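Source file: target_18.txt. Holds: compact mmCIF, C-alpha atoms.
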```
# COMPACT_ATOMS: atom_id res chain seq x y z
CA MET A 1080 -55.60 -43.82 -176.60
CA ASP A 1081 -53.71 -42.21 -173.73
CA SER A 1082 -55.31 -39.76 -171.30
CA SER A 1083 -54.14 -36.60 -173.09
CA GLN A 1084 -55.45 -37.88 -176.43
CA ARG A 1085 -58.71 -38.86 -174.77
CA VAL A 1086 -59.24 -35.35 -173.41
CA ARG A 1087 -58.52 -33.79 -176.82
CA ALA A 1088 -60.88 -36.24 -178.47
CA ILE A 1089 -63.68 -35.54 -175.98
CA MET A 1090 -63.24 -31.77 -176.41
CA SER A 1091 -63.38 -32.19 -180.19
CA PHE A 1092 -66.55 -34.27 -179.92
CA VAL A 1093 -68.31 -31.81 -177.58
CA GLN A 1094 -67.38 -28.79 -179.70
CA ALA A 1095 -68.47 -30.54 -182.89
CA ALA A 1096 -71.80 -31.46 -181.32
CA ASP A 1097 -72.33 -27.86 -180.16
CA ALA A 1098 -71.13 -26.17 -183.35
CA GLY A 1099 -72.75 -28.60 -185.78
CA SER A 1100 -69.66 -29.14 -187.94
CA PHE A 1101 -66.03 -30.16 -187.70
CA ALA A 1102 -64.95 -26.90 -189.35
CA ALA A 1103 -66.76 -24.74 -186.79
CA ALA A 1104 -65.41 -26.86 -183.93
CA GLY A 1105 -61.91 -26.50 -185.35
CA ARG A 1106 -62.20 -22.73 -185.36
CA VAL A 1107 -63.19 -22.75 -181.69
CA LEU A 1108 -60.37 -25.14 -180.75
CA GLY A 1109 -57.76 -23.54 -183.00
CA VAL A 1110 -57.15 -26.69 -185.08
CA THR A 1111 -58.11 -27.89 -188.53
CA SER A 1112 -61.42 -29.59 -189.28
CA ALA A 1113 -59.39 -32.66 -190.31
CA ALA A 1114 -57.86 -32.79 -186.81
CA VAL A 1115 -61.32 -32.61 -185.21
CA SER A 1116 -62.58 -35.37 -187.49
CA LYS A 1117 -59.55 -37.52 -186.65
CA ASN A 1118 -60.05 -36.98 -182.92
CA VAL A 1119 -63.74 -37.88 -183.05
CA GLY A 1120 -63.01 -40.93 -185.19
CA GLY A 1121 -60.35 -42.09 -182.73
CA LEU A 1122 -62.79 -41.65 -179.86
CA GLU A 1123 -65.41 -43.74 -181.66
CA ARG A 1124 -62.92 -46.50 -182.30
CA ALA A 1125 -61.82 -46.48 -178.67
CA LEU A 1126 -65.44 -46.69 -177.49
CA GLY A 1127 -66.48 -49.18 -180.14
CA VAL A 1128 -69.62 -47.20 -181.12
CA ARG A 1129 -70.54 -44.51 -183.63
CA LEU A 1130 -71.22 -41.21 -181.88
CA MET A 1131 -72.12 -39.09 -184.91
CA ASN A 1132 -73.61 -39.63 -188.32
CA ARG A 1133 -71.87 -37.37 -190.83
CA THR A 1134 -73.39 -35.88 -193.97
CA THR A 1135 -72.03 -33.20 -196.25
CA ARG A 1136 -74.31 -30.66 -194.55
CA ALA A 1137 -74.62 -31.62 -190.90
CA LEU A 1138 -73.65 -33.81 -187.99
CA GLN A 1139 -76.30 -35.80 -186.18
CA LEU A 1140 -75.76 -37.50 -182.84
CA THR A 1141 -76.58 -41.15 -182.55
CA GLU A 1142 -78.43 -42.39 -179.45
CA GLU A 1143 -75.07 -43.45 -178.01
CA GLY A 1144 -73.60 -40.09 -178.96
CA ALA A 1145 -76.33 -38.17 -177.14
CA ALA A 1146 -75.78 -40.24 -174.00
CA PHE A 1147 -72.02 -39.82 -174.20
CA LEU A 1148 -72.33 -36.05 -174.78
CA LYS A 1149 -74.18 -35.63 -171.49
CA GLN A 1150 -71.48 -37.48 -169.56
CA ALA A 1151 -68.67 -35.78 -171.50
CA ARG A 1152 -69.96 -32.36 -170.47
CA ILE A 1153 -69.96 -33.43 -166.83
CA ALA A 1154 -66.39 -34.69 -167.17
CA LEU A 1155 -65.14 -31.47 -168.76
CA GLU A 1156 -66.97 -29.38 -166.17
CA ALA A 1157 -65.30 -31.42 -163.43
CA LEU A 1158 -61.90 -30.65 -164.97
CA ASP A 1159 -62.77 -26.95 -165.12
CA ALA A 1160 -63.93 -27.06 -161.50
CA ALA A 1161 -60.68 -28.70 -160.41
CA VAL A 1162 -58.68 -25.91 -162.08
CA ASP A 1163 -61.03 -23.27 -160.61
CA THR A 1164 -60.56 -24.75 -157.14
CA ILE A 1165 -56.81 -24.22 -157.25
CA ALA A 1166 -57.17 -20.75 -158.77
CA ALA A 1167 -59.75 -19.77 -156.15
CA LYS A 1168 -57.35 -20.60 -153.34
CA ARG A 1169 -54.98 -18.01 -154.73
CA SER A 1170 -57.32 -15.20 -155.78
CA GLY A 1171 -60.86 -16.10 -154.68
CA PRO A 1172 -63.77 -17.29 -156.86
CA ASN A 1173 -63.81 -15.83 -160.33
CA GLY A 1174 -65.65 -16.26 -163.59
CA ARG A 1175 -69.19 -15.87 -164.90
CA ILE A 1176 -72.31 -17.11 -163.10
CA ARG A 1177 -75.52 -17.61 -165.09
CA ILE A 1178 -78.77 -17.52 -163.08
CA SER A 1179 -82.35 -18.16 -164.20
CA THR A 1180 -85.17 -16.79 -162.05
CA SER A 1181 -88.68 -15.41 -162.28
CA SER A 1182 -89.22 -11.72 -162.93
CA ALA A 1183 -90.92 -10.97 -159.61
CA PHE A 1184 -88.48 -12.83 -157.37
CA GLY A 1185 -85.52 -11.63 -159.36
CA ARG A 1186 -86.55 -7.99 -159.16
CA ASP A 1187 -87.64 -7.92 -155.51
CA HIS A 1188 -85.23 -10.33 -153.84
CA LEU A 1189 -82.31 -11.36 -156.06
CA MET A 1190 -81.34 -7.96 -157.44
CA PRO A 1191 -81.00 -6.30 -153.99
CA VAL A 1192 -78.41 -8.88 -152.84
CA LEU A 1193 -76.28 -9.01 -155.99
CA PRO A 1194 -74.24 -5.87 -155.15
CA GLY A 1195 -73.14 -7.54 -151.90
CA LEU A 1196 -72.17 -10.71 -153.76
CA LEU A 1197 -70.07 -8.79 -156.27
CA ALA A 1198 -68.46 -6.71 -153.53
CA ARG A 1199 -67.43 -9.83 -151.64
CA TYR A 1200 -66.18 -11.64 -154.76
CA PRO A 1201 -64.91 -9.01 -157.24
CA GLY A 1202 -63.70 -11.76 -159.59
CA LEU A 1203 -67.28 -12.81 -160.36
CA SER A 1204 -69.56 -11.56 -163.10
CA VAL A 1205 -73.26 -12.41 -163.00
CA GLU A 1206 -75.72 -12.89 -165.84
CA VAL A 1207 -79.41 -13.17 -164.89
CA ASP A 1208 -82.33 -14.22 -167.10
CA PHE A 1209 -85.81 -13.30 -165.83
CA ASP A 1210 -88.42 -15.79 -167.01
CA ASP A 1211 -90.54 -18.71 -165.80
CA ARG A 1212 -89.74 -21.30 -168.45
CA VAL A 1213 -88.33 -24.71 -167.61
CA ILE A 1214 -84.65 -24.67 -168.45
CA ASP A 1215 -82.16 -27.35 -169.42
CA PHE A 1216 -79.05 -26.59 -167.37
CA VAL A 1217 -76.65 -28.31 -169.74
CA ARG A 1218 -78.15 -27.15 -173.02
CA ASP A 1219 -78.82 -23.59 -171.89
CA GLY A 1220 -75.60 -23.16 -169.92
CA TYR A 1221 -77.02 -22.11 -166.54
CA ASP A 1222 -75.28 -22.57 -163.22
CA ILE A 1223 -78.21 -21.81 -160.88
CA ALA A 1224 -82.00 -21.56 -161.15
CA ILE A 1225 -84.35 -20.09 -158.54
CA ARG A 1226 -87.80 -21.60 -158.91
CA GLY A 1227 -91.03 -21.70 -156.92
CA GLY A 1228 -93.91 -24.15 -156.66
CA ALA A 1229 -94.15 -27.85 -155.96
CA ILE A 1230 -90.50 -28.68 -156.58
CA PRO A 1231 -90.31 -32.14 -158.23
CA ASP A 1232 -87.71 -34.76 -157.49
CA SER A 1233 -85.10 -34.59 -160.22
CA SER A 1234 -81.44 -34.91 -160.99
CA LEU A 1235 -81.00 -31.38 -159.64
CA VAL A 1236 -79.88 -30.41 -156.17
CA SER A 1237 -82.57 -28.25 -154.49
CA ARG A 1238 -81.80 -26.00 -151.52
CA PRO A 1239 -85.01 -24.54 -150.02
CA VAL A 1240 -85.11 -20.76 -149.82
CA PHE A 1241 -88.46 -20.29 -148.09
CA LYS A 1242 -91.97 -21.73 -147.82
CA ILE A 1243 -94.43 -20.00 -150.14
CA ASN A 1244 -97.63 -19.26 -148.24
CA LEU A 1245 -100.63 -18.43 -150.43
CA ALA A 1246 -103.56 -16.22 -149.48
CA LEU A 1247 -106.74 -14.92 -151.12
CA VAL A 1248 -106.70 -11.14 -151.38
CA ALA A 1249 -108.79 -8.29 -152.70
CA SER A 1250 -108.78 -4.51 -152.46
CA PRO A 1251 -110.92 -2.73 -149.83
CA ASP A 1252 -112.80 -0.88 -152.62
CA TYR A 1253 -113.70 -4.12 -154.38
CA LEU A 1254 -114.92 -5.71 -151.14
CA ALA A 1255 -116.91 -2.60 -150.23
CA ASN A 1256 -118.71 -2.74 -153.58
CA GLN A 1257 -119.11 -6.50 -153.97
CA GLY A 1258 -119.20 -7.76 -150.40
CA ILE A 1259 -116.85 -9.95 -148.36
CA PRO A 1260 -117.07 -13.69 -149.11
CA GLN A 1261 -117.81 -15.68 -145.96
CA VAL A 1262 -117.50 -19.24 -147.31
CA PRO A 1263 -115.80 -20.66 -150.43
CA ASP A 1264 -119.16 -21.10 -152.21
CA ASP A 1265 -119.52 -17.32 -152.18
CA LEU A 1266 -116.71 -17.07 -154.73
CA ALA A 1267 -119.18 -18.09 -157.45
CA ARG A 1268 -120.70 -14.61 -157.13
CA HIS A 1269 -117.37 -12.78 -157.29
CA ALA A 1270 -114.94 -11.67 -159.96
CA LEU A 1271 -111.86 -13.89 -159.79
CA ILE A 1272 -108.33 -13.34 -161.07
CA ALA A 1273 -106.62 -16.56 -162.22
CA ARG A 1274 -102.94 -17.38 -162.67
CA ARG A 1275 -101.98 -19.40 -165.74
CA PHE A 1276 -98.52 -20.89 -166.14
CA LEU A 1277 -96.74 -20.64 -169.48
CA GLY A 1278 -97.48 -24.32 -170.12
CA GLY A 1279 -101.22 -23.58 -169.99
CA ARG A 1280 -102.04 -24.96 -166.53
CA VAL A 1281 -104.19 -22.72 -164.31
CA THR A 1282 -103.40 -22.61 -160.59
CA VAL A 1283 -106.19 -24.28 -158.63
CA TRP A 1284 -107.32 -22.84 -155.29
CA HIS A 1285 -107.58 -25.20 -152.32
CA PHE A 1286 -109.84 -24.99 -149.29
CA LYS A 1287 -110.15 -26.93 -146.07
CA GLY A 1288 -113.11 -29.29 -146.12
CA GLU A 1289 -114.68 -31.57 -143.55
CA ASN A 1290 -112.64 -34.30 -141.86
CA ASP A 1291 -109.32 -32.78 -142.97
CA THR A 1292 -110.21 -33.06 -146.65
CA ILE A 1293 -109.07 -30.56 -149.26
CA VAL A 1294 -111.58 -29.08 -151.70
CA SER A 1295 -110.29 -27.68 -155.00
CA VAL A 1296 -111.76 -24.76 -156.93
CA ASP A 1297 -110.75 -23.91 -160.49
CA PRO A 1298 -110.85 -20.10 -160.68
CA SER A 1299 -110.70 -20.13 -164.48
CA GLU A 1300 -114.36 -21.19 -164.61
CA SER A 1301 -115.49 -17.74 -163.45
CA ALA A 1302 -112.33 -15.67 -163.91
CA VAL A 1303 -112.71 -12.19 -165.33
CA LEU A 1304 -108.95 -11.96 -165.84
CA THR A 1305 -106.29 -14.63 -166.37
CA LEU A 1306 -102.62 -13.65 -166.16
CA SER A 1307 -99.32 -15.52 -166.42
CA ALA A 1308 -97.17 -13.20 -164.28
CA PRO A 1309 -97.74 -13.45 -160.50
CA GLU A 1310 -96.82 -9.80 -159.96
CA ALA A 1311 -99.51 -8.84 -162.50
CA VAL A 1312 -102.04 -10.89 -160.52
CA VAL A 1313 -101.15 -8.92 -157.40
CA GLN A 1314 -101.46 -5.60 -159.23
CA ALA A 1315 -104.85 -6.55 -160.67
CA ALA A 1316 -106.11 -7.28 -157.15
CA VAL A 1317 -104.73 -3.94 -155.92
CA ASP A 1318 -106.53 -2.23 -158.82
CA GLY A 1319 -109.86 -3.68 -157.67
CA VAL A 1320 -110.43 -6.17 -160.49
CA GLY A 1321 -111.42 -8.99 -158.12
CA ILE A 1322 -110.20 -11.69 -155.74
CA ALA A 1323 -106.84 -13.35 -156.38
CA GLN A 1324 -104.68 -16.05 -154.86
CA VAL A 1325 -101.14 -14.74 -154.40
CA GLY A 1326 -97.95 -15.48 -152.56
CA VAL A 1327 -97.82 -13.55 -149.29
CA HIS A 1328 -94.26 -12.45 -150.07
CA LEU A 1329 -95.49 -10.78 -153.28
CA ALA A 1330 -98.44 -9.06 -151.57
CA TRP A 1331 -96.70 -8.12 -148.32
CA ARG A 1332 -96.14 -4.43 -148.94
CA HIS A 1333 -99.73 -4.04 -150.17
CA LEU A 1334 -101.06 -5.82 -147.11
CA ARG A 1335 -99.05 -3.54 -144.84
CA SER A 1336 -100.23 -0.42 -146.66
CA GLY A 1337 -103.87 -1.53 -146.56
CA ALA A 1338 -104.16 -1.75 -150.36
CA LEU A 1339 -105.07 -5.46 -150.01
CA LYS A 1340 -107.03 -7.46 -147.48
CA ILE A 1341 -107.01 -11.23 -146.92
CA VAL A 1342 -110.34 -13.04 -147.28
CA LEU A 1343 -111.51 -16.56 -146.43
CA ASP A 1344 -108.35 -17.15 -144.39
CA ARG A 1345 -110.21 -19.58 -142.09
CA TRP A 1346 -111.09 -21.74 -145.08
CA HIS A 1347 -108.22 -21.25 -147.49
CA HIS A 1348 -105.42 -23.79 -147.65
CA PRO A 1349 -102.03 -22.02 -148.00
CA GLY A 1350 -100.53 -24.78 -150.14
CA ALA A 1351 -97.37 -26.82 -149.83
CA TYR A 1352 -95.07 -24.81 -152.05
CA GLU A 1353 -91.56 -23.52 -151.68
CA MET A 1354 -88.96 -21.45 -153.43
CA ALA A 1355 -85.78 -23.39 -154.07
CA LEU A 1356 -82.32 -22.68 -155.37
CA GLN A 1357 -81.42 -25.44 -157.84
CA TYR A 1358 -78.22 -26.54 -159.50
CA PRO A 1359 -77.02 -29.71 -161.24
CA HIS A 1360 -75.40 -32.62 -159.48
CA ARG A 1361 -71.71 -32.38 -160.25
CA ALA A 1362 -68.67 -34.43 -159.34
CA LEU A 1363 -67.07 -31.12 -158.39
CA ILE A 1364 -68.88 -27.80 -157.98
CA ALA A 1365 -66.84 -24.88 -159.27
CA PRO A 1366 -65.80 -22.46 -156.50
CA ARG A 1367 -67.59 -19.58 -158.28
CA VAL A 1368 -70.85 -21.56 -158.16
CA ARG A 1369 -70.37 -22.77 -154.59
CA ALA A 1370 -69.58 -19.26 -153.35
CA THR A 1371 -72.64 -17.83 -155.09
CA ILE A 1372 -74.95 -20.54 -153.77
CA ASP A 1373 -73.74 -20.09 -150.20
CA TYR A 1374 -73.99 -16.30 -150.37
CA LEU A 1375 -77.51 -16.28 -151.86
CA THR A 1376 -78.78 -18.91 -149.42
CA GLN A 1377 -77.62 -16.82 -146.47
CA ALA A 1378 -78.91 -13.56 -147.94
CA PHE A 1379 -82.37 -15.01 -148.61
CA ALA A 1380 -82.48 -16.49 -145.10
CA GLU A 1381 -81.99 -12.96 -143.74
CA ASP A 1382 -84.68 -11.36 -145.97
CA PRO A 1383 -87.65 -10.72 -143.63
CA ALA A 1384 -90.10 -10.31 -146.51
CA LEU A 1385 -89.65 -13.97 -147.44
CA HIS A 1386 -90.46 -15.41 -144.03
CA ARG A 1387 -93.97 -14.49 -142.89
CA PRO A 1388 -95.62 -17.19 -140.75
CA LEU A 1389 -99.34 -17.61 -141.32
CA ASP A 1390 -100.14 -16.74 -137.71
CA THR A 1391 -98.81 -13.20 -138.32
CA LEU A 1392 -101.38 -12.45 -141.04
CA GLY A 1393 -104.45 -12.06 -138.84
CA ASP A 1394 -104.20 -8.26 -138.80
CA PHE A 1395 -104.73 -8.18 -142.57
CA ALA A 1396 -107.72 -10.56 -142.71
CA LEU A 1397 -111.43 -9.71 -142.88
```
Any chance you could put this one into structure tokens?
Amino acid sequence: MDSSQRVRAIMSFVQAADAGSFAAAGRVLGVTSAAVSKNVGGLERALGVRLMNRTTRALQLTEEGAAFLKQARIALEALDAAVDTIAAKRSGPNGRIRISTSSAFGRDHLMPVLPGLLARYPGLSVEVDFDDRVIDFVRDGYDIAIRGGAIPDSSLVSRPVFKINLALVASPDYLANQGIPQVPDDLARHALIARRFLGGRVTVWHFKGENDTIVSVDPSESAVLTLSAPEAVVQAAVDGVGIAQVGVHLAWRHLRSGALKIVLDRWHHPGAYEMALQYPHRALIAPRVRATIDYLTQAFAEDPALHRPLDTLGDFAL
């Protein structure tokens, strides 16, 4: 099988896997289902393994087929990136960029910088999904994800955006009525607002103990309200529901206005979390993706709301 046949065969295999049938793949590729079947069969013979099990109703990938599909996508993306690189030299980056981000960060920090990105690169179009679910870049077709928390080691490239400092906050009215906690044990007598991730895990609060130890408190044990959206947690604290742990960047405008005050700052541990811009390892990164990554990284670095050192928060603490 020569190189041109190999590329056609790989494209037929990938389209068949995505579409679920040779006929549907043929419609996408503009060839007959028999041609797609012949291409996939030739690829299997060249590799010496079966990639798909065929029935009259469906195609099912074998274990070898699933592994090959992952690598085949990377290979085709590298070819697309090579073409895009040449095109970009003539007319600048162009094409669609798909981004996944959380609702709060997307609304407050991504959306304000997108007009500048599109003005600089008029050939780009941007599609943004606002949610907190874990995505599969290949399966879901994303180019970039912006995620916060304890970023795990993975096959993804992670470029830090900023360090997420956490603080315990409450409204002045709530504290006037219920009192200001002086030590972490006082929280047992307060109304707490907990944050639950979509997977069911509740964010634990950490405090500085003796001899540099860290003491953990599960707020769900005495929470009066448990919410999945971090911006809703902030709003509940502003509304006087109770004490909440929030990212300083989310609470900043409320701290400045006086709608929230920081409590237990001497005891509370701010966490070791960060917001990161993530994208898959690729042999070649398409110019449209590279340009977007570089632009967003610079724009976020210049966003003052994202970079608030802990030693600047004293004016908001009780």
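You will find CA of Leu1235 (chain A) at 20.8 Å from CA of Val1205 (chain A).
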Please produce, as a tab-separated table, a per-residue contact table for region 1188-1291 of chain A versus region 1316-1323 of chain A (criterion: any atom at most 12 Å away, only C-alpha atoms considered), showing the nearest atom pair and its distance in Å to one decimal, sorted by chain then residue number.
```
residue	atom	partner	partner_atom	distance
A:Leu1245	CA	A:Ala1323	CA	10.0
A:Ala1246	CA	A:Ala1323	CA	8.2
A:Leu1247	CA	A:Ala1323	CA	5.5
A:Val1248	CA	A:Ala1323	CA	5.5
A:Ala1249	CA	A:Ile1322	CA	4.8
A:Ser1250	CA	A:Val1317	CA	5.4
A:Pro1251	CA	A:Gly1319	CA	8.0
A:Asp1252	CA	A:Gly1319	CA	6.5
A:Tyr1253	CA	A:Gly1319	CA	5.1
A:Leu1254	CA	A:Gly1321	CA	8.5
A:Ala1255	CA	A:Gly1319	CA	10.3
A:Asn1256	CA	A:Gly1319	CA	9.8
A:Gln1257	CA	A:Gly1321	CA	9.1
A:Gly1258	CA	A:Gly1321	CA	11.0
A:Ile1259	CA	A:Ile1322	CA	10.1
A:Pro1260	CA	A:Ile1322	CA	9.8
A:Pro1263	CA	A:Ile1322	CA	11.8
A:Asp1265	CA	A:Ile1322	CA	11.5
A:Leu1266	CA	A:Ile1322	CA	8.5
A:Ala1267	CA	A:Ile1322	CA	11.2
A:Arg1268	CA	A:Gly1321	CA	10.9
A:His1269	CA	A:Gly1321	CA	7.1
A:Ala1270	CA	A:Gly1321	CA	4.8
A:Leu1271	CA	A:Ile1322	CA	4.9
A:Ile1272	CA	A:Ala1323	CA	4.9
A:Ala1273	CA	A:Ala1323	CA	6.7
A:Arg1274	CA	A:Ala1323	CA	8.4
A:Thr1282	CA	A:Ala1323	CA	10.7
A:Val1283	CA	A:Ala1323	CA	11.2
A:Trp1284	CA	A:Ala1323	CA	9.6
```
- What is the distance, in Å and to one decimal place, between CA of Leu1356 (chain A) and CA of Arg1238 (chain A)?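 Pair CA of Leu1356 (chain A) / CA of Arg1238 (chain A) returns 5.1 Å.
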- Do you know which residues are at most 6 Å from Gln1357 (chain A) counting only C-alpha atoms, after dropping those on the same chain fewer than 2 positions away, and could you put them as JSON, numbers by chain? {"A": [1223, 1224, 1236, 1237]}
With a cut-off of 10 Å, could you pull out the residues of region 1276-1342 of chain A touching region 1183-1202 of chain A and give me the nearest pair of atoms for each, distance in Å to one decimal, using only C-alpha atoms, ordered by chain and ascending number, as a Markdown table?
```
| residue | atom | partner | partner_atom | distance |
| --- | --- | --- | --- | --- |
| A:Ala1308 | CA | A:Ala1183 | CA | 8.1 |
| A:Pro1309 | CA | A:Ala1183 | CA | 7.3 |
| A:Glu1310 | CA | A:Ala1183 | CA | 6.0 |
| A:Ala1311 | CA | A:Ala1183 | CA | 9.3 |
| A:His1328 | CA | A:Phe1184 | CA | 9.3 |
| A:Leu1329 | CA | A:Ala1183 | CA | 7.8 |
```
- Query: Counting all atoms listed in the file, which of A:Arg1345, A:Val1281, A:Leu1392, A:Tyr1221 gets nearest to Gln1261 (chain A)?
  - Reply: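 Smallest distance to Gln1261 (chain A) is found for A:Arg1345.
Distance annotation: of A:Asn1244, A:Ser1091, A:Asn1132, A:Asn1118, the residue with the minimal separation from Arg1106 (chain A) is A:Ser1091; atom set is all atoms listed in the file.
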- Task: Calculate how many Å separate CA of Tyr1374 (chain A) from CA of His1333 (chain A), rounding to one decimal.
- Result: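 Rounded to one decimal, the two atoms are 28.5 Å apart.
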- Task: May I have the residues within 7 Å of His1347 (chain A) as a list in words, using all atoms listed in the file and disregarding those fewer than 5 positions away in the same chain?
- Result: His1285, Phe1286 and Lys1287 of chain A
Write out the residues from the selection above, keeping C-alpha atoms, as an mmCIF file, in the coordinates of the input.
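Full text of result-v8.cif as output:
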```cif
data_model
loop_
_atom_site.group_PDB
_atom_site.id
_atom_site.type_symbol
_atom_site.label_atom_id
_atom_site.label_comp_id
_atom_site.auth_asym_id
_atom_site.auth_seq_id
_atom_site.Cartn_x
_atom_site.Cartn_y
_atom_site.Cartn_z
ATOM 1 C CA HIS A 1285 -107.580 -25.200 -152.320
ATOM 2 C CA PHE A 1286 -109.840 -24.990 -149.290
ATOM 3 C CA LYS A 1287 -110.150 -26.930 -146.070
#
```
- If we count all atoms listed in the file, what is near Ile1243 (chain A) at a cut-off of 12 Å, once residues fewer than 6 positions away on the same chain are taken out, given as a VMD selection string? chain A and resid 1184 1226 to 1230 1324 to 1330 1348 to 1355 1384 to 1389
- Task: Just the residues within 10 Å of Arg1335 (chain A), please, counting all atoms listed in the file, with nothing from its chain fewer than 4 positions along; format it as number ranges by chain.
- Result: A: 1330-1331, 1339-1340, 1392, 1394-1395
Would you export the selected residues with C-alpha atoms as an mmCIF file, in the frame of the given file, please?
```cif
data_model
loop_
_atom_site.group_PDB
_atom_site.id
_atom_site.type_symbol
_atom_site.label_atom_id
_atom_site.label_comp_id
_atom_site.auth_asym_id
_atom_site.auth_seq_id
_atom_site.Cartn_x
_atom_site.Cartn_y
_atom_site.Cartn_z
ATOM 1 C CA ALA A 1330 -98.440 -9.060 -151.570
ATOM 2 C CA TRP A 1331 -96.700 -8.120 -148.320
ATOM 3 C CA LEU A 1339 -105.070 -5.460 -150.010
ATOM 4 C CA LYS A 1340 -107.030 -7.460 -147.480
ATOM 5 C CA LEU A 1392 -101.380 -12.450 -141.040
ATOM 6 C CA ASP A 1394 -104.200 -8.260 -138.800
ATOM 7 C CA PHE A 1395 -104.730 -8.180 -142.570
#
```
